[in-house]
Structure formats: structure tokens, C-alpha cells
Protein chains: 2
Amino acid sequence: MERTLLEWLRRRLPADTTNRLPLGLSDDAALLQLAEQGACVITTDMLCDGVHFQAEQLDLDLIGRKAIAVNLSDLAAMAAVPLALFVSIAIPRSWEQTKVEAVYEGMMTLSSEFDCPIAGGDTNRWDGPLVINVVAVGQPPPGGVWRRAGGRQGDLLLVTGELGGSLLEHHYSFQPRIHEALLLANQYDIHAALDLSDGLALDCSRLAAASRCGALLDLESIPISSAAMRLANQTDYSRTPLTHALSDGEDFELLLAAAPAEARRLLEDRPLDVPLTLVGELIEAEGLWHRTDAGDLEPLEASGYLHD
Amino acid sequence: MERTLLEWLRRRLPADTTNRLPLGLSDDAALLQLAEQGACVITTDMLCDGVHFQAEQLDLDLIGRKAIAVNLSDLAAMAAVPLALFVSIAIPRSWEQTKVEAVYEGMMTLSSEFDCPIAGGDTNRWDGPLVINVVAVGQPPPGGVWRRAGGRQGDLLLVTGELGGSLLEHHYSFQPRIHEALLLANQYDIHAALDLSDGLALDCSRLAAASRCGALLDLESIPISSAAMRLANQTDYSRTPLTHALSDGEDFELLLAAAPAEARRLLEDRPLDVPLTLVGELIEAEGLWHRTDAGDLEPLEASGYLHD
């Protein structure tokens with residue numbers, strides 16, 4: 001298996017990656033050539049059958065796609081330019097090679113789209129369920145990486161896309177916001193950013209806390225996805241569309257903080273193909289807040305997906 | 001779990017790693033600062049309960065230790081200087097925090113010893129067996145990385161340590177040959193190298209093939225470990241000590257190719273704390289060979305551990 005898969009990956013390695021990966025897939029480790037800057041950005045996420053997906057109920061390529069997408073989303077959160085992927089996999093012993101290749105085909109979709117070749121990895125057969133671990137390596141954009149901690153009091157908060165209801169479909173098909181992040185990092189002064197993996201309310205409170213601020217969300221302006229509305233309409237769910245948009249996990253949109261003038265320039269320019277919405281601001285008072293109809297600040301629960 | 005473990009890791013992150021990891025463990029991905037050279041070496045290995053270890057029969061720290069050790073060994077194979085580790089783990093839901101920490105304590109042993117902090121990762125709880133994926137990132141030594149393909153016809157072949165019988169004990173306690181590799185890379189001209197993970201015969205044939213040569217092994221000179229002898233003496237095993245030394249997996253010693261004069265200088269200098277033994281040479285005739293008592297070349301089976 002390991003050799004077969006390695007051969008398959010070698011054939012799929014784009015020819016134009018030799019500058020970046022001068023040794024190809026030939027040695028005990030990969031040699032990755034970076035720009036003169038000499039720094040790299042590294043993230044890793046593990047997906048397990050029964051936890052992050054149900055392998056029996058799903059097109060296998062979507063599993064592979066998601067394993068890559070969540071990692072690219074972490075690179076996007078820091079505006080890092082994708083360079084290479086490393087894939088480790090534990091394959092159920094009963095699986096045929098075609099099923100394994102279907103998973104890798106899903107990976108290849110995003111690997112090709114974001115010019116980020118699979119440069120190494122490890123394959124194992126075992127008696128357990130499917131496990132995929134992906135490492136994404138990028139390099140900082142010319143202006144340096146975005147951080148969670150870079151926000152300042154008074155910064156406006158913006159989100160890409162629409163939020164909530166990811167569970168219905170979006171968490172397998174979402175686009176990691178790499179292109180958006182690189183464009184914004186190149187043309188605008190973004191103070192802080194993260195990708196929304198655990199819900200806007202919780203992730204926003206994290207960005208604010210890392211930046212030693214609080215956050216005031218304007219609940220009227222949260223961009224609610226149609227999936228969040230559908231989910232709220234399903235009788236076995238009791239939450240409102242807004243609650244879904246605030247606290248559903250796996251949106252994988254970007255939350256950005258920028259100085260007011262810069263944020264307004266961004267909102268006027270509309271440089272992205274996806275919506276960009278002003279959802280709040282960073283304030284002095286620690287914690288997460290919203291404004292009541294009477295205009296007073298009221299604490300907002302930082303609800304969302306908490307990993308156990 | 002994820003937050004508890006992250007806090008635990010943050011407390012264990014050495015203070016002197018801020019140059020290398022300017023952002024610490026705070027963001028969606030790690031920022032890793034490299035020397036001006038601007039290249040990094042990346043390897044990843046996944047260990048699964050029931051395949052690479054039996055969690056119920058083993059001290060848990062040895063599992064964590066091994067997960068790090070196999071990856072550091074891959075860095076040693078290329079003479080890369082260890083920089084950072086990334087650990088993803090799928091933890092059985094029934095495990096208490098103390099068991100998880102025991103695994104991480106084992107990782108910390110080597111992380112500290114080789115000044116290679118855990119700089120990120122991903123933790124998951126699930127209903128399956130323990131899975132650990134480790135990524136090791138290093139940087140090339142000043143003279144550039146060692147490759148499998150760098151060997152030349154006439155080069156002598158050297159191995160560190162003693163071979164075979166790893167199954168009895170060594171595969172959990174082995175020392176990745178980082179220090180040895182860095183010393184050799186710094187002071188000697190090594191043409192090609194790899195770490196012996198699947199047995200000398202098989203791995204030697206791989207190095208030779210990558211270098212477009214054959215390899216002639218001197219069977220009289222193979223350094224046979226005492227474990228290989230004990231294993232051969234056990235009645236339920238029918239192979240000789242030499243067979244074990246040639247084909248047992250997981251020795252994790254280094255196989256090196258160097259020009260004859262350089263290899264002889266090395267053997268005279270004895271710069272390492274571990275044995276260094278001349279075991280053969282690279283020759284023109286493709287394949288793996290040994291010399292019969294009559295002095296003729298005879299094919300030698302490239303036996304070893306083949307991953308399925």
C-alpha cells in the first residue's frame with residue numbers, strides 16, 4: 001500500500017514544484033525551499049471517522065477534501081501562502097485501493113486549486129476506523145502573518161461569507177478563504193484575524209481576549225446563511241437562525257479586525273467575491289457584548305462548539 | 001481536553017524558544033523562524049495502537065517517546081537540525097487525563113533532549129484506539145541535507161550501532177541518531193544516508209538503487225546485536241543472528257556512504273560514542289550482493305520489513 005500510494009502521489013506531483021521541493025518524494029523527509037524570508041507557518045489537524053465524518057454515509061472524496069480544507073483554512077487565518085501538504089492516514093484493513101484513492105482524489109481537488117502539493121506523509125493499514133492527519137505548511141505574506149492578538153480597541157470587526165447551519169452541507173464543501181486572505185493581506189492593513197471554526201460568538205471572544213479587548217457584536221448585522229434558517233425551521237431543532245449564525249461551528253469564514261477607516265475603505269471597495277460584513281467592534285470592556293434595544297451593553301454568551 | 005492539554009504544553013514550552021517560535025502556542029498555526037538559509041526539512045509518522053504498539057501492554061510514556069523518536073530518526077537520516085514538533089492525537093474516550101499526560105511525558109523526554117519543542121498539534125477524543133501523528137521539522141545543516149541518492153560507485157558503506165532483534169526491546173528505547181548525524185555532517189563528507197527502519201538488507205538496496213548503484217555487503221562484518229542473538233536462540237524463531245541483523249526492522253541506526261578515503265578516516269577517528277562499522281561498498285552491478293567463500297559475487301535477498 002505505502003509504495004503503491006507513494007507512486008500514485010509521485011505521478012500527481014506537479015512538475016513545477018521542483019523549486020519548492022527540490023528532492024521530490026524521494027527521501028526520509030521532505031526538503032522545502034522557502035523564500036528568503038526564512039520563516040514558515042505550520043498547522044495540523046486530524047480527522048477521525050465517527051467524530052469529524054461518517055465514512056459510511058459520505059462520498060469519500062469529501063472526506064479527503066475536508067481534511068485538506070480545514071488545514072488550509074488555518075493558513076488563511078494567518079494569511080499564509082500555501083506551500084505544501086503532508087498526509088498521514090490510517091486505512092481500515094478492509095478497504096480496497098479504489099476507496100483510498102477516492103479519499104486522495106478529494107485531497108487533490110484542493111491541493112491543485114491552491115497550488116499546494118502533497119509533499120510527503122505516512123500510510124498505515126489497521127483494524128480501526130479511518131484517520132487522516134494533514135499538515136499544511138505555508139509562508140508568511142510579505143507584510144507578516146495575521147495574529148489573533150493584533151486587534152486594538154476601536155477596531156471594527158468584519159466577517160467573510162454567511163454564518164451558521166454548516167452542519168447541513170457547508171462543512172464538507174466550504175472554500176478555505178486563502179485567496180481572500182492573501183488579497184486582503186496584500187492590499188489592506190488587517191490588525192487581527194482567525195478562521196471561524198467554533199462559532200462567531202466563541203471565536204470572536206477569543207480574538208478579543210487575545211487582543212486584550214472585549215467585543216461588541218451588532219446582532220442585527222450578522223450575516224445569517226440560508227442553511228442556518230433552514231436548520232432553525234427543522235422541527236427537531238429549537239434555536240433561531242441568529243443563534244445558529246452565532247454559535248454553529250465549522251463556518252470556516254474569516255473574522256477580521258481593522259482600524260475603523262481601513263474597515264470602511266474595505267467595505268466600500270468590496271474587493272472580494274464573497275460578502276464582507278461589519279459585525280461589531282473591539283471595545284475596552286472585557287468579554288462579549290451586544291446592545292439592547294434601549295442602547296445598553298449586555299453580556300452575550302460566548303456559545304459555540306467546545307472541543308471536549 | 002484540548003484546552004487542558006494546550007495549557008499543559010504551554011507551560012512546558014521552554015522559554016528560550018521564542019526566537020524560533022515567536023508566537024508561541026497562541027494562533028491558528030505556528031510561525032517557525034528558520035536560519036537565513038530559508039529551507040526546512042519536514043517528516044511525519046503516524047503510530048496506531050495494535051499496529052505499532054500495544055497500548056495495554058506497555059508503559060504509556062514509551063509510546064509517546066517512540067512517536068517522537070521515529071520522526072527524529074528521519075531528520076537524522078538527512079542530518080537535519082531538529083527545530084519543532086507537532087503532535088496530533090486521537091485519544092480513546094475512556095482514557096483519563098493522567099494516561100494522556102503519561103504519553104506526552106514520554107514525548108517530552110526526547111523533545112527536551114533534542115531541544116525540539118512541541119509547537120502545535122491537534123487533540124481529539126474518540127471511540128477508537130490510540131493514534132498519534134507526529135511531524136518533525138528541522139533545518140538543513142550548513143553543508144546541505146544528506147540524501148539517499150548521493151552515493152557513488154566505490155563508496156564504502158558504514159553503519160552506526162548494532163543491528164537486529166529490535167523487537168525484543170530496542171524499538172521502544174532507541175536513540176535517534178541526531179547527535180551522531182550532526183557531528184558527521186559537520187566534520188565529514190558523507191555522500192548518502194538513511195535511517196534503517198526496515199532492515200539493513202532492504203534499506204541498503206534502497207540507498208544503492210537511489211544512487212544508481214548496487215551494494216556489496218560483507219556478511220562477516222555486520223555488527224550483530226546481542227538482542228539478535230537472543231532472538232535467534234529462542235526456540236520459536238528459526239532464523240540466525242545474521243539474518244536478524246540483516247532483515248529485522250526498526251534498528252533506527254544510520255547507514256552511510258562515503259568515499260573510501262573519507263570512510264577510512266572516519267573509521268580511524270572514531271568520532272562517535274556508538275560503534276561505526278564498515279559493512280560493504282557501492283558497486284556498479286545493480287542489486288544487493290555478497291561474496292561467497294570462493295570469492296564470487298552472489299545475489300543477496302533484500303529481505304526486510306515491507307509495509308503492506
# chains A, B, ... in the order shown; residues from 1 in each chain; ligands from 1
$ select_by_dssp --residues "segment 187-284 of chain B" --states "strand (DSSP E or B)" --output "list of chain:residue names"
B:Ala192, B:Ala193, B:Leu194, B:Asp195, B:Gly214, B:Ala215, B:Leu216, B:Leu217, B:Ile224, B:Leu254, B:Leu255, B:Leu256, B:Ala257, B:Ala258, B:Leu276, B:Thr277, B:Leu278, B:Val279, B:Gly280, B:Glu281, B:Leu282, B:Ile283
$ select_by_dssp --residues "segment 19-212 of chain A" --states "alpha helix (DSSP H)" --output "ChimeraX atom specification"
/A:60-77,97-113,170-173,178-187,200-210
$ residues_around --residues "Asp155 of chain B" --least-positions-apart "2" --cutoff "9 Å" --atoms "only C-alpha atoms" --output "ChimeraX atom specification"
/B:151-153,157,191,257-260,263,280-283
$ residues_around --residues "Ile118 of chain A" --least-positions-apart "2" --cutoff "9 Å" --atoms "only C-alpha atoms" --output "NGL selection string"
:A and (9 or 12-13 or 84-87 or 107-108 or 111 or 116 or 120-121)
$ write_last_selection --atoms "N, CA, C and O atoms" --output "PDB file, in the first residue's frame"
ATOM      1  N   LEU A   9       1.155   9.199  -5.761  1.00  0.00           N
ATOM      2  CA  LEU A   9       1.367  10.605  -5.399  1.00  0.00           C
ATOM      3  C   LEU A   9       2.488  11.221  -6.222  1.00  0.00           C
ATOM      4  O   LEU A   9       2.419  12.381  -6.617  1.00  0.00           O
ATOM      5  N   ARG A  12       1.330  12.366  -9.396  1.00  0.00           N
ATOM      6  CA  ARG A  12       0.447  13.523  -9.309  1.00  0.00           C
ATOM      7  C   ARG A  12       1.176  14.801  -8.883  1.00  0.00           C
ATOM      8  O   ARG A  12       0.567  15.861  -8.817  1.00  0.00           O
ATOM      9  N   LEU A  13       2.450  14.673  -8.537  1.00  0.00           N
ATOM     10  CA  LEU A  13       3.195  15.855  -8.083  1.00  0.00           C
ATOM     11  C   LEU A  13       3.460  16.762  -9.280  1.00  0.00           C
ATOM     12  O   LEU A  13       4.092  16.352 -10.241  1.00  0.00           O
ATOM     13  N   ALA A  84       2.940  23.476   0.921  1.00  0.00           N
ATOM     14  CA  ALA A  84       2.984  22.017   0.811  1.00  0.00           C
ATOM     15  C   ALA A  84       2.094  21.385   1.868  1.00  0.00           C
ATOM     16  O   ALA A  84       1.823  21.963   2.915  1.00  0.00           O
ATOM     17  N   LEU A  85       1.657  20.162   1.549  1.00  0.00           N
ATOM     18  CA  LEU A  85       0.823  19.376   2.458  1.00  0.00           C
ATOM     19  C   LEU A  85       1.517  18.054   2.772  1.00  0.00           C
ATOM     20  O   LEU A  85       2.229  17.504   1.929  1.00  0.00           O
ATOM     21  N   PHE A  86       1.290  17.551   3.965  1.00  0.00           N
ATOM     22  CA  PHE A  86       1.782  16.233   4.367  1.00  0.00           C
ATOM     23  C   PHE A  86       0.597  15.459   4.929  1.00  0.00           C
ATOM     24  O   PHE A  86      -0.094  15.943   5.811  1.00  0.00           O
ATOM     25  N   VAL A  87       0.383  14.260   4.399  1.00  0.00           N
ATOM     26  CA  VAL A  87      -0.818  13.498   4.743  1.00  0.00           C
ATOM     27  C   VAL A  87      -0.450  12.171   5.378  1.00  0.00           C
ATOM     28  O   VAL A  87       0.199  11.328   4.751  1.00  0.00           O
ATOM     29  N   MET A 107      -8.597  15.108  -1.783  1.00  0.00           N
ATOM     30  CA  MET A 107      -7.492  15.963  -1.335  1.00  0.00           C
ATOM     31  C   MET A 107      -6.904  16.720  -2.509  1.00  0.00           C
ATOM     32  O   MET A 107      -6.579  17.905  -2.421  1.00  0.00           O
ATOM     33  N   MET A 108      -6.759  16.000  -3.629  1.00  0.00           N
ATOM     34  CA  MET A 108      -6.110  16.588  -4.807  1.00  0.00           C
ATOM     35  C   MET A 108      -6.887  17.790  -5.348  1.00  0.00           C
ATOM     36  O   MET A 108      -6.297  18.707  -5.919  1.00  0.00           O
ATOM     37  N   SER A 111      -5.650  20.551  -3.248  1.00  0.00           N
ATOM     38  CA  SER A 111      -4.203  20.637  -3.434  1.00  0.00           C
ATOM     39  C   SER A 111      -3.881  21.334  -4.751  1.00  0.00           C
ATOM     40  O   SER A 111      -3.017  22.214  -4.822  1.00  0.00           O
ATOM     41  N   CYS A 116      -0.770  23.590  -3.811  1.00  0.00           N
ATOM     42  CA  CYS A 116      -0.172  23.179  -2.563  1.00  0.00           C
ATOM     43  C   CYS A 116      -0.004  21.651  -2.602  1.00  0.00           C
ATOM     44  O   CYS A 116      -0.865  20.907  -2.143  1.00  0.00           O
ATOM     45  N   GLY A 120       4.601  14.691   1.129  1.00  0.00           N
ATOM     46  CA  GLY A 120       5.053  13.590   1.966  1.00  0.00           C
ATOM     47  C   GLY A 120       3.926  13.093   2.836  1.00  0.00           C
ATOM     48  O   GLY A 120       2.793  13.567   2.734  1.00  0.00           O
ATOM     49  N   GLY A 121       4.248  12.110   3.670  1.00  0.00           N
ATOM     50  CA  GLY A 121       3.221  11.581   4.546  1.00  0.00           C
ATOM     51  C   GLY A 121       3.553  10.192   5.022  1.00  0.00           C
ATOM     52  O   GLY A 121       4.700   9.738   4.940  1.00  0.00           O
TER      53      GLY A 121
END
$ interface_residues --of "chain A" --to "chain B" --cutoff "6 Å" --atoms "only C-alpha atoms" --output "number ranges by chain"
A: 1, 28-34, 36, 38-45, 74, 121-122, 308
$ residues_around --residues "segment 225-229 of chain B" --least-positions-apart "3" --cutoff "7 Å" --atoms "only C-alpha atoms" --output "compact mmCIF listing (two decimals) with N, CA, C and O atoms, in the first residue's frame"
# COMPACT_ATOMS: atom_id res chain seq x y z
N GLU B 162 24.55 -1.45 16.50
CA GLU B 162 24.46 -2.89 16.23
C GLU B 162 23.05 -3.20 15.76
O GLU B 162 22.10 -2.52 16.15
N LEU B 163 22.96 -4.25 14.96
CA LEU B 163 21.70 -4.46 14.24
C LEU B 163 20.96 -5.72 14.64
O LEU B 163 21.56 -6.71 15.04
N GLY B 164 19.64 -5.68 14.49
CA GLY B 164 18.80 -6.86 14.66
C GLY B 164 18.21 -6.99 16.06
O GLY B 164 18.71 -6.43 17.03
N GLY B 165 17.11 -7.73 16.14
CA GLY B 165 16.50 -8.05 17.43
C GLY B 165 15.79 -6.88 18.09
O GLY B 165 15.46 -6.96 19.28
N SER B 166 15.56 -5.84 17.34
CA SER B 166 14.94 -4.63 17.90
C SER B 166 13.61 -4.94 18.58
O SER B 166 13.23 -4.34 19.58
N LEU B 168 12.80 -7.17 20.52
CA LEU B 168 12.89 -7.57 21.93
C LEU B 168 12.82 -6.36 22.86
O LEU B 168 12.37 -6.47 23.98
N ALA B 232 17.51 -15.17 18.05
CA ALA B 232 17.79 -16.37 17.25
C ALA B 232 17.80 -17.62 18.13
O ALA B 232 17.50 -18.73 17.67
N ASN B 233 18.14 -17.45 19.40
CA ASN B 233 18.21 -18.59 20.32
C ASN B 233 16.84 -19.03 20.83
O ASN B 233 16.71 -20.12 21.37
N PRO B 241 21.29 -15.29 13.92
CA PRO B 241 21.55 -13.91 14.33
C PRO B 241 21.84 -13.00 13.13
O PRO B 241 21.35 -11.87 13.08
N HIS B 244 18.70 -11.99 11.39
CA HIS B 244 18.03 -10.93 12.14
C HIS B 244 18.70 -9.57 11.90
O HIS B 244 18.03 -8.56 11.69
N ALA B 245 20.03 -9.56 11.93
CA ALA B 245 20.75 -8.30 11.75
C ALA B 245 20.52 -7.72 10.36
O ALA B 245 20.52 -6.51 10.17
$ residues_around --residues "Asp293 of chain A" --least-positions-apart "2" --cutoff "12 Å" --atoms "only C-alpha atoms" --output "list in words"
Asp218, Leu219, Glu220, His290, Arg291, Gly295, Asp296, Leu297 and Glu298 of chain A
$ write_last_selection --atoms "C-alpha atoms" --output "PDB file, in the first residue's frame"
ATOM      1  CA  ASP A 218     -24.196  44.063  16.397  1.00  0.00           C
ATOM      2  CA  LEU A 219     -26.740  41.245  16.319  1.00  0.00           C
ATOM      3  CA  GLU A 220     -28.817  42.998  13.644  1.00  0.00           C
ATOM      4  CA  HIS A 290     -24.357  43.234  22.436  1.00  0.00           C
ATOM      5  CA  ARG A 291     -26.525  46.341  22.678  1.00  0.00           C
ATOM      6  CA  GLY A 295     -28.958  51.066  23.829  1.00  0.00           C
ATOM      7  CA  ASP A 296     -27.286  49.489  26.864  1.00  0.00           C
ATOM      8  CA  LEU A 297     -24.447  46.985  26.734  1.00  0.00           C
ATOM      9  CA  GLU A 298     -25.495  43.500  27.807  1.00  0.00           C
TER      10      GLU A 298
END
$ atom_distance --atom1 "atom CA of Ala192 of chain B" --atom2 "atom CA of Ser112 of chain B"
28.2 Å
$ closest_residue --among "B:Arg239, B:Arg11, B:Arg264, B:Arg230" --to "Asp189 of chain B" --atoms "only C-alpha atoms"
B:Arg264
$ residues_around --residues "Ser247 of chain B" --least-positions-apart "5" --cutoff "8 Å" --atoms "only C-alpha atoms" --output "list in words"
Gly164, Asp198, Gly199, Leu200, Ala201, Leu202, Ala302, Ser303, Gly304 and Tyr305 of chain B
$ decode --residues "segment 35-48 of chain B" --atoms "N, CA and C atoms" --output "PDB file, in the first residue's frame"
ATOM      1  N   ALA B  35      16.788  29.727  10.080  1.00  0.00           N
ATOM      2  CA  ALA B  35      18.003  30.483   9.807  1.00  0.00           C
ATOM      3  C   ALA B  35      17.896  31.088   8.412  1.00  0.00           C
ATOM      4  N   GLU B  36      18.845  31.947   8.076  1.00  0.00           N
ATOM      5  CA  GLU B  36      18.727  32.699   6.821  1.00  0.00           C
ATOM      6  C   GLU B  36      18.646  31.797   5.582  1.00  0.00           C
ATOM      7  N   GLN B  37      19.068  30.563   5.779  1.00  0.00           N
ATOM      8  CA  GLN B  37      19.092  29.603   4.676  1.00  0.00           C
ATOM      9  C   GLN B  37      17.732  29.447   3.984  1.00  0.00           C
ATOM     10  N   GLY B  38      16.657  29.548   4.777  1.00  0.00           N
ATOM     11  CA  GLY B  38      15.333  29.562   4.180  1.00  0.00           C
ATOM     12  C   GLY B  38      14.854  28.242   3.618  1.00  0.00           C
ATOM     13  N   ALA B  39      15.280  27.132   4.223  1.00  0.00           N
ATOM     14  CA  ALA B  39      14.731  25.835   3.828  1.00  0.00           C
ATOM     15  C   ALA B  39      14.427  25.059   5.090  1.00  0.00           C
ATOM     16  N   CYS B  40      13.420  24.197   5.018  1.00  0.00           N
ATOM     17  CA  CYS B  40      13.185  23.343   6.170  1.00  0.00           C
ATOM     18  C   CYS B  40      12.984  21.907   5.711  1.00  0.00           C
ATOM     19  N   VAL B  41      13.187  21.013   6.647  1.00  0.00           N
ATOM     20  CA  VAL B  41      13.077  19.578   6.400  1.00  0.00           C
ATOM     21  C   VAL B  41      11.890  19.091   7.219  1.00  0.00           C
ATOM     22  N   ILE B  42      10.958  18.399   6.570  1.00  0.00           N
ATOM     23  CA  ILE B  42       9.721  18.017   7.251  1.00  0.00           C
ATOM     24  C   ILE B  42       9.460  16.529   7.071  1.00  0.00           C
ATOM     25  N   THR B  43       9.141  15.866   8.172  1.00  0.00           N
ATOM     26  CA  THR B  43       8.799  14.458   8.087  1.00  0.00           C
ATOM     27  C   THR B  43       7.627  14.180   9.007  1.00  0.00           C
ATOM     28  N   THR B  44       6.858  13.153   8.700  1.00  0.00           N
ATOM     29  CA  THR B  44       5.716  12.815   9.550  1.00  0.00           C
ATOM     30  C   THR B  44       5.520  11.312   9.604  1.00  0.00           C
ATOM     31  N   ASP B  45       5.193  10.816  10.799  1.00  0.00           N
ATOM     32  CA  ASP B  45       4.924   9.393  11.001  1.00  0.00           C
ATOM     33  C   ASP B  45       3.735   9.247  11.928  1.00  0.00           C
ATOM     34  N   MET B  46       2.878   8.322  11.584  1.00  0.00           N
ATOM     35  CA  MET B  46       1.685   8.042  12.391  1.00  0.00           C
ATOM     36  C   MET B  46       1.851   6.685  13.066  1.00  0.00           C
ATOM     37  N   LEU B  47       1.577   6.634  14.357  1.00  0.00           N
ATOM     38  CA  LEU B  47       1.626   5.369  15.104  1.00  0.00           C
ATOM     39  C   LEU B  47       0.224   5.011  15.593  1.00  0.00           C
ATOM     40  N   CYS B  48      -0.160   3.761  15.354  1.00  0.00           N
ATOM     41  CA  CYS B  48      -1.516   3.317  15.682  1.00  0.00           C
ATOM     42  C   CYS B  48      -1.462   2.154  16.664  1.00  0.00           C
TER      43      CYS B  48
END
